[in-house]
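This is coords_17.txt. It holds compact mmCIF, C-alpha atoms and all ligand atoms.
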# COMPACT_ATOMS: atom_id res chain seq x y z
CA MET A 85 109.01 93.93 82.64
CA THR A 86 106.26 92.80 80.33
CA ALA A 87 104.09 95.85 80.18
CA THR A 88 102.44 96.73 76.92
CA PRO A 89 99.76 94.07 76.33
CA SER A 90 98.44 94.00 79.88
CA THR A 91 97.91 97.67 80.69
CA ALA A 92 94.49 99.22 80.30
CA PRO A 93 93.39 99.94 76.72
CA GLY A 94 95.10 102.90 75.13
CA ILE A 95 97.74 103.15 77.82
CA ALA A 96 101.40 103.02 76.87
CA PRO A 97 104.00 101.86 79.39
CA ALA A 98 106.01 104.52 81.22
CA ALA A 99 109.49 105.31 80.07
CA GLY A 100 111.98 105.03 82.90
CA ALA A 101 109.95 103.86 85.87
CA SER A 102 109.41 100.14 86.32
CA THR A 103 105.89 99.01 85.49
CA ASP A 104 106.20 95.86 87.58
CA PHE A 105 103.91 96.02 90.65
CA GLY A 106 106.36 93.61 92.28
CA THR A 107 108.94 96.42 92.61
CA LEU A 108 106.62 98.29 94.99
CA PRO A 109 106.60 97.82 98.76
CA LEU A 110 103.20 96.10 98.68
CA PRO A 111 102.22 93.02 100.72
CA PRO A 112 102.19 89.68 98.83
CA ALA A 113 98.42 89.40 99.29
CA THR A 114 97.92 92.72 97.50
CA LEU A 115 100.19 91.64 94.64
CA GLU A 116 98.23 88.38 94.29
CA ASN A 117 94.99 90.34 94.30
CA LEU A 118 96.27 92.64 91.52
CA GLN A 119 97.18 89.59 89.45
CA ARG A 120 93.74 88.10 89.98
CA LEU A 121 92.26 91.37 88.69
CA GLY A 122 94.44 91.17 85.58
CA TYR A 123 96.49 94.19 86.63
CA THR A 124 99.77 92.67 85.49
CA ALA A 125 101.60 95.95 84.89
CA MET A 126 101.32 99.48 86.25
CA THR A 127 99.95 102.17 83.99
CA PRO A 128 102.32 105.15 83.53
CA ILE A 129 100.61 107.30 86.18
CA GLN A 130 100.72 104.39 88.63
CA ALA A 131 104.41 103.74 87.86
CA ALA A 132 105.23 107.42 88.28
CA THR A 133 103.29 108.04 91.50
CA LEU A 134 103.18 104.84 93.57
CA PRO A 135 106.89 104.87 94.52
CA LEU A 136 106.33 108.43 95.84
CA THR A 137 103.01 107.92 97.59
CA LEU A 138 104.01 104.59 99.15
CA ALA A 139 107.04 106.44 100.57
CA GLY A 140 104.61 108.82 102.27
CA HIS A 141 104.87 111.92 100.10
CA ASP A 142 102.04 114.28 99.33
CA LEU A 143 101.29 114.36 95.61
CA ILE A 144 99.84 116.44 92.81
CA ALA A 145 99.30 114.27 89.76
CA GLN A 146 98.01 115.32 86.40
CA ALA A 147 97.01 112.67 83.88
CA LYS A 148 94.21 112.23 81.40
CA THR A 149 90.98 110.34 81.98
CA GLY A 150 91.25 106.57 81.77
CA SER A 151 94.90 106.46 82.79
CA GLY A 152 94.36 104.47 85.98
CA LYS A 153 94.42 107.25 88.57
CA THR A 154 91.94 105.49 90.85
CA ALA A 155 94.18 102.49 91.52
CA ALA A 156 97.11 104.88 91.89
CA PHE A 157 95.56 106.56 94.92
CA ALA A 158 93.64 103.48 96.08
CA LEU A 159 96.81 101.44 96.59
CA ALA A 160 98.39 104.36 98.46
CA LEU A 161 95.49 104.87 100.85
CA LEU A 162 95.07 101.13 101.41
CA ALA A 163 98.75 100.93 102.35
CA ASN A 164 98.11 103.51 105.10
CA LEU A 165 95.06 101.68 106.39
CA ASN A 166 94.95 99.63 109.57
CA PRO A 167 92.05 97.19 109.07
CA ARG A 168 91.92 96.45 112.80
CA ARG A 169 91.22 100.10 113.58
CA PHE A 170 87.54 100.61 112.84
CA ALA A 171 87.58 104.36 112.20
CA VAL A 172 87.58 106.54 109.09
CA GLN A 173 91.23 106.59 108.01
CA SER A 174 90.80 107.70 104.39
CA LEU A 175 88.54 110.23 102.74
CA VAL A 176 88.22 110.53 98.96
CA LEU A 177 86.47 113.65 97.66
CA CYS A 178 84.97 113.35 94.15
CA PRO A 179 82.96 115.81 92.04
CA THR A 180 79.93 113.59 91.37
CA ARG A 181 78.03 110.62 92.70
CA GLU A 182 78.84 108.64 89.56
CA LEU A 183 82.56 109.12 90.08
CA ALA A 184 82.27 108.39 93.80
CA ASP A 185 80.53 105.10 92.97
CA GLN A 186 83.30 104.21 90.50
CA VAL A 187 85.98 104.94 93.09
CA THR A 188 84.16 102.87 95.68
CA GLN A 189 83.94 99.94 93.25
CA GLU A 190 87.63 100.10 92.45
CA LEU A 191 88.51 100.31 96.16
CA ARG A 192 86.37 97.23 96.84
CA ARG A 193 88.23 95.34 94.11
CA LEU A 194 91.65 96.39 95.35
CA ALA A 195 91.12 95.88 99.10
CA ARG A 196 92.04 92.41 100.33
CA ALA A 197 88.92 90.41 101.13
CA GLU A 198 90.41 89.10 104.38
CA ASP A 199 90.79 92.65 105.72
CA HIS A 200 87.00 93.27 105.65
CA ILE A 201 87.46 96.94 104.80
CA LYS A 202 84.22 98.88 105.13
CA ILE A 203 83.74 101.63 102.56
CA LEU A 204 80.91 104.17 102.67
CA THR A 205 79.83 106.36 99.77
CA LEU A 206 78.27 109.64 100.91
CA CYS A 207 76.91 111.85 98.13
CA GLY A 208 74.41 114.65 97.86
CA GLY A 209 71.03 113.84 96.37
CA SER A 210 70.67 110.73 98.54
CA THR A 211 68.45 110.81 101.60
CA MET A 212 70.28 111.51 104.83
CA ARG A 213 68.77 108.86 107.06
CA PRO A 214 70.43 105.76 105.56
CA GLN A 215 73.75 107.62 105.46
CA LEU A 216 73.44 108.53 109.14
CA ALA A 217 72.59 104.93 110.00
CA SER A 218 75.60 103.63 108.02
CA LEU A 219 77.89 106.13 109.71
CA GLU A 220 76.73 104.93 113.11
CA HIS A 221 77.97 101.47 112.18
CA GLY A 222 81.34 102.95 111.21
CA ALA A 223 83.69 102.65 108.25
CA HIS A 224 87.38 102.54 107.32
CA ILE A 225 87.06 104.61 104.15
CA VAL A 226 84.61 107.31 103.08
CA VAL A 227 84.14 108.37 99.46
CA GLY A 228 81.87 111.29 98.72
CA THR A 229 81.08 114.68 97.26
CA PRO A 230 82.36 117.77 99.13
CA GLY A 231 78.97 119.29 99.99
CA ARG A 232 77.58 116.14 101.59
CA ILE A 233 80.80 115.36 103.42
CA LEU A 234 80.76 118.88 104.86
CA ASP A 235 77.12 118.43 105.86
CA HIS A 236 78.05 115.29 107.83
CA LEU A 237 80.96 117.06 109.49
CA GLU A 238 78.70 119.92 110.54
CA ARG A 239 76.11 117.51 111.97
CA GLY A 240 78.83 115.63 113.81
CA SER A 241 77.89 112.37 112.08
CA LEU A 242 81.35 112.01 110.48
CA ASP A 243 84.51 112.07 112.58
CA LEU A 244 87.85 112.52 110.82
CA GLN A 245 90.14 112.36 113.89
CA ALA A 246 91.66 109.05 112.75
CA LEU A 247 92.14 110.14 109.14
CA ASN A 248 95.58 109.54 107.64
CA THR A 249 94.93 110.00 103.89
CA LEU A 250 92.93 112.69 102.10
CA VAL A 251 92.41 112.29 98.34
CA LEU A 252 91.09 115.03 96.06
CA ASP A 253 90.06 113.17 92.92
CA GLU A 254 89.26 115.09 89.73
CA ALA A 255 90.18 118.24 91.60
CA ASP A 256 89.79 120.40 88.47
CA ARG A 257 86.18 119.31 88.08
CA MET A 258 85.45 119.92 91.75
CA LEU A 259 86.78 123.46 91.33
CA ASP A 260 84.68 123.95 88.16
CA MET A 261 81.64 122.99 90.21
CA GLY A 262 82.43 125.64 92.81
CA PHE A 263 83.56 123.29 95.57
CA PHE A 264 86.73 125.20 96.58
CA ASP A 265 85.32 126.49 99.87
CA ASP A 266 83.74 123.16 100.80
CA ILE A 267 87.01 121.33 100.10
CA ALA A 268 88.89 123.89 102.16
CA THR A 269 86.51 123.53 105.10
CA VAL A 270 86.72 119.72 104.98
CA ALA A 271 90.52 119.75 104.70
CA LYS A 272 90.78 122.04 107.72
CA GLN A 273 88.94 119.45 109.78
CA CYS A 274 91.40 116.71 108.86
CA PRO A 275 94.36 116.02 111.15
CA ALA A 276 97.45 118.02 110.13
CA GLN A 277 99.47 114.79 110.21
CA ARG A 278 98.18 113.15 107.08
CA GLN A 279 99.04 112.36 103.48
CA THR A 280 97.19 114.41 100.86
CA LEU A 281 96.93 113.27 97.24
CA LEU A 282 95.50 115.51 94.55
CA PHE A 283 94.57 114.10 91.13
CA SER A 284 93.48 116.18 88.19
CA ALA A 285 93.18 115.96 84.42
CA THR A 286 94.04 119.64 83.93
CA TYR A 287 95.96 122.21 85.95
CA PRO A 288 93.91 125.40 86.36
CA GLU A 289 95.00 128.14 88.75
CA GLY A 290 92.80 126.89 91.58
CA ILE A 291 94.81 123.67 91.77
CA ALA A 292 97.95 125.56 92.76
CA LYS A 293 95.94 127.42 95.37
CA LEU A 294 94.52 124.17 96.80
CA SER A 295 97.95 122.63 96.78
CA ALA A 296 99.61 125.58 98.52
CA ARG A 297 97.01 125.51 101.28
CA PHE A 298 96.49 121.83 101.89
CA LEU A 299 99.47 119.83 100.65
CA ARG A 300 102.88 119.59 102.29
CA GLU A 301 105.94 119.65 100.05
CA PRO A 302 104.07 117.69 97.39
CA LYS A 303 105.81 115.77 94.65
CA GLU A 304 104.45 116.77 91.25
CA VAL A 305 103.83 114.31 88.44
CA LYS A 306 102.53 115.45 85.08
CA LEU A 307 101.87 112.95 82.33
CA LEU A 308 100.77 114.82 79.27
CA SER A 309 99.89 112.32 76.64
CA THR A 310 99.13 113.23 73.04
CA HIS A 311 96.56 110.50 72.45
P1 LIG A 401 91.13 107.56 85.56
O1 LIG A 401 90.69 107.78 86.98
O2 LIG A 401 92.54 107.98 85.33
O3 LIG A 401 90.18 108.16 84.57
P2 LIG A 401 90.50 104.79 86.08
O4 LIG A 401 91.16 104.71 87.41
O5 LIG A 401 89.03 104.88 86.07
O6 LIG A 401 91.13 106.00 85.25
O7 LIG A 401 91.02 103.53 85.22
C1 LIG A 401 90.60 103.27 83.90
C2 LIG A 401 90.46 101.76 83.67
O8 LIG A 401 91.74 101.12 83.71
C3 LIG A 401 89.61 101.07 84.73
O9 LIG A 401 88.75 100.18 84.08
C4 LIG A 401 90.62 100.28 85.57
O10 LIG A 401 90.06 99.12 86.12
C5 LIG A 401 91.70 99.98 84.56
N1 LIG A 401 93.05 99.85 85.16
C6 LIG A 401 93.62 100.67 86.05
N2 LIG A 401 94.86 100.27 86.35
C7 LIG A 401 95.10 99.17 85.61
C8 LIG A 401 96.24 98.29 85.46
N3 LIG A 401 97.36 98.50 86.13
N4 LIG A 401 96.12 97.25 84.60
C9 LIG A 401 94.98 97.05 83.91
N5 LIG A 401 93.88 97.82 84.01
C10 LIG A 401 93.94 98.88 84.84
MG MG A 402 89.30 108.99 87.87
Could you express the structure from this file as structure tokens?
Ligand code: ADP
Ligand code: MG
Amino acid sequence: MTATPSTAPGIAPAAGASTDFGTLPLPPATLENLQRLGYTAMTPIQAATLPLTLAGHDLIAQAKTGSGKTAAFALALLANLNPRRFAVQSLVLCPTRELADQVTQELRRLARAEDHIKILTLCGGSTMRPQLASLEHGAHIVVGTPGRILDHLERGSLDLQALNTLVLDEADRMLDMGFFDDIATVAKQCPAQRQTLLFSATYPEGIAKLSARFLREPKEVKLLSTH
């Protein structure tokens, strides 16, 4: 385990859990890809959550901004993905377009090029027509804001029947923005047989409510750092 110098800036290695990506049940091509990206060691939130999520558990994870939460859920949802099945298998809900774009970028970096994973970003504020056209061509992963995702579900332009992973990223911010009902309506349209991963920087009351309604026996990971 050679962790400290290679983790993201300001991130200390986890105590206890291994920070070696090689200890995870990930395909060799994914491990090579991580090395190419310079991800030589897991950040603490990745080390604490990936063994749980890759084993199929639902998850509530609390960790501060910049701790590497995106790759934590990205590697989990990519592990559930069948590239040969051209249907939406993962949905990531984010509070803002900016965050959705960041998640999409990180997913593009982490997906193996040979798998040709198609990722669509669907956010409010963008015109509908190009989104509808993109959806007609299909996608493996959709990243978007709750209101626009709900809009597509109501129009019938987005089908979540093949979904196996639902991610609620920055769930506390989505709640602050008043998205509880939209998230609830979207989650109800997802297949019951799925993995649900909730990431948040803080733990307000609404998070427990979301978790109780939409997660199944979730594992809880809280990394409260002082810096
Ligand atoms: P968060 O969502 O927790 O705010 P991000 O997922 O945006 O954090 O990650 C913060 C930065 O750390 C990003 O630039 C990302 O590329 C980088 N990063 C994430 N995981 C690793 C890792 N294991 N090794 C090196 N850099 C990483
Ligand atoms: Mg994030």
9 Å from ligand LIG 401 (chain A) is the threshold here; counting only C-alpha atoms and all ligand atoms, which polymer residues fall inside it? Answer as JSON, numbers by chain. {"A": [90, 91, 92, 93, 95, 103, 105, 118, 121, 122, 123, 124, 125, 126, 127, 128, 129, 130, 131, 147, 148, 149, 150, 151, 152, 153, 154, 155, 156, 157, 183, 186, 187, 190, 253, 254, 283, 284, 285]}
Taking a cut-off of 8 Å and counting all atoms listed in the file, can you build a table that, for each residue of segment 113-195 of chain A near segment 240-248 of chain A, reports the nearest atom pair and how far apart they are in Å (one decimal), sorted by chain then residue number, as a tab-separated table?
residue	atom	partner	partner_atom	distance
A:Asn164	CA	A:Asn248	CA	7.0
A:Leu165	CA	A:Asn248	CA	8.0
A:Ala171	CA	A:Ala246	CA	6.2
A:Val172	CA	A:Leu247	CA	5.8
A:Gln173	CA	A:Leu247	CA	3.8
A:Ser174	CA	A:Leu247	CA	5.5
A:Leu175	CA	A:Leu247	CA	7.3
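Proximity to Leu161 of chain A was assessed for A:Ala139, A:Ala223, A:Val251, A:Ala132 counting all atoms listed in the file; the smallest distance is recorded for A:Val251.
Of note, atom CA of Arg196 of chain A and atom CA of Ser102 of chain A are spaced 23.6 Å apart.
Closest to ligand MG 402 (chain A) among A:Leu252, A:Leu308, A:Ile267, A:Ile201 is A:Leu252, based on all atoms listed in the file.
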Got a sec: who's within 12 Å of Lys272 of chain A, counting only C-alpha atoms, leaving out chain neighbours fewer than 2 positions off, as a JSON list (two decimals) with C-alpha atoms, in the frame of the given file?
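As written to disk, selection-v6.json reads:
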[["chain", "number", "residue", "atom", "x", "y", "z"],
["A", 234, "LEU", "CA", 80.76, 118.88, 104.86],
["A", 237, "LEU", "CA", 80.96, 117.06, 109.49],
["A", 244, "LEU", "CA", 87.85, 112.52, 110.82],
["A", 245, "GLN", "CA", 90.14, 112.36, 113.89],
["A", 250, "LEU", "CA", 92.93, 112.69, 102.10],
["A", 265, "ASP", "CA", 85.32, 126.49, 99.87],
["A", 266, "ASP", "CA", 83.74, 123.16, 100.80],
["A", 267, "ILE", "CA", 87.01, 121.33, 100.10],
["A", 268, "ALA", "CA", 88.89, 123.89, 102.16],
["A", 269, "THR", "CA", 86.51, 123.53, 105.10],
["A", 270, "VAL", "CA", 86.72, 119.72, 104.98],
["A", 274, "CYS", "CA", 91.40, 116.71, 108.86],
["A", 275, "PRO", "CA", 94.36, 116.02, 111.15],
["A", 276, "ALA", "CA", 97.45, 118.02, 110.13],
["A", 277, "GLN", "CA", 99.47, 114.79, 110.21],
["A", 278, "ARG", "CA", 98.18, 113.15, 107.08],
["A", 294, "LEU", "CA", 94.52, 124.17, 96.80],
["A", 297, "ARG", "CA", 97.01, 125.51, 101.28],
["A", 298, "PHE", "CA", 96.49, 121.83, 101.89],
["A", 299, "LEU", "CA", 99.47, 119.83, 100.65]]
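Using all atoms listed in the file, the nearest neighbour of Leu115 of chain A within the list A:Thr286, A:Leu159, A:Glu198, A:Ala217 is A:Leu159.
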Taking (75.3, 115.2, 99.1) in the file's own coordinates, collect the residues within 9 Å, counting all atoms listed in the file, and hand them back as a PyMOL selection string. chain A and resi 181+206-212+228-235
Name the closest residue to Glu304 of chain A among the candidates A:Gln146, A:Gln273, A:Gln119, A:Gln279; distances are taken between atoms, counting only C-alpha atoms. A:Gln146
Quick one: pull the distance between atom CA of Pro179 of chain A and atom CA of Glu220 of chain A, Å, one decimal. 24.5 Å
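Here atom CA of Leu110 of chain A stands at a distance of 19.5 Å from atom CA of Arg169 of chain A.
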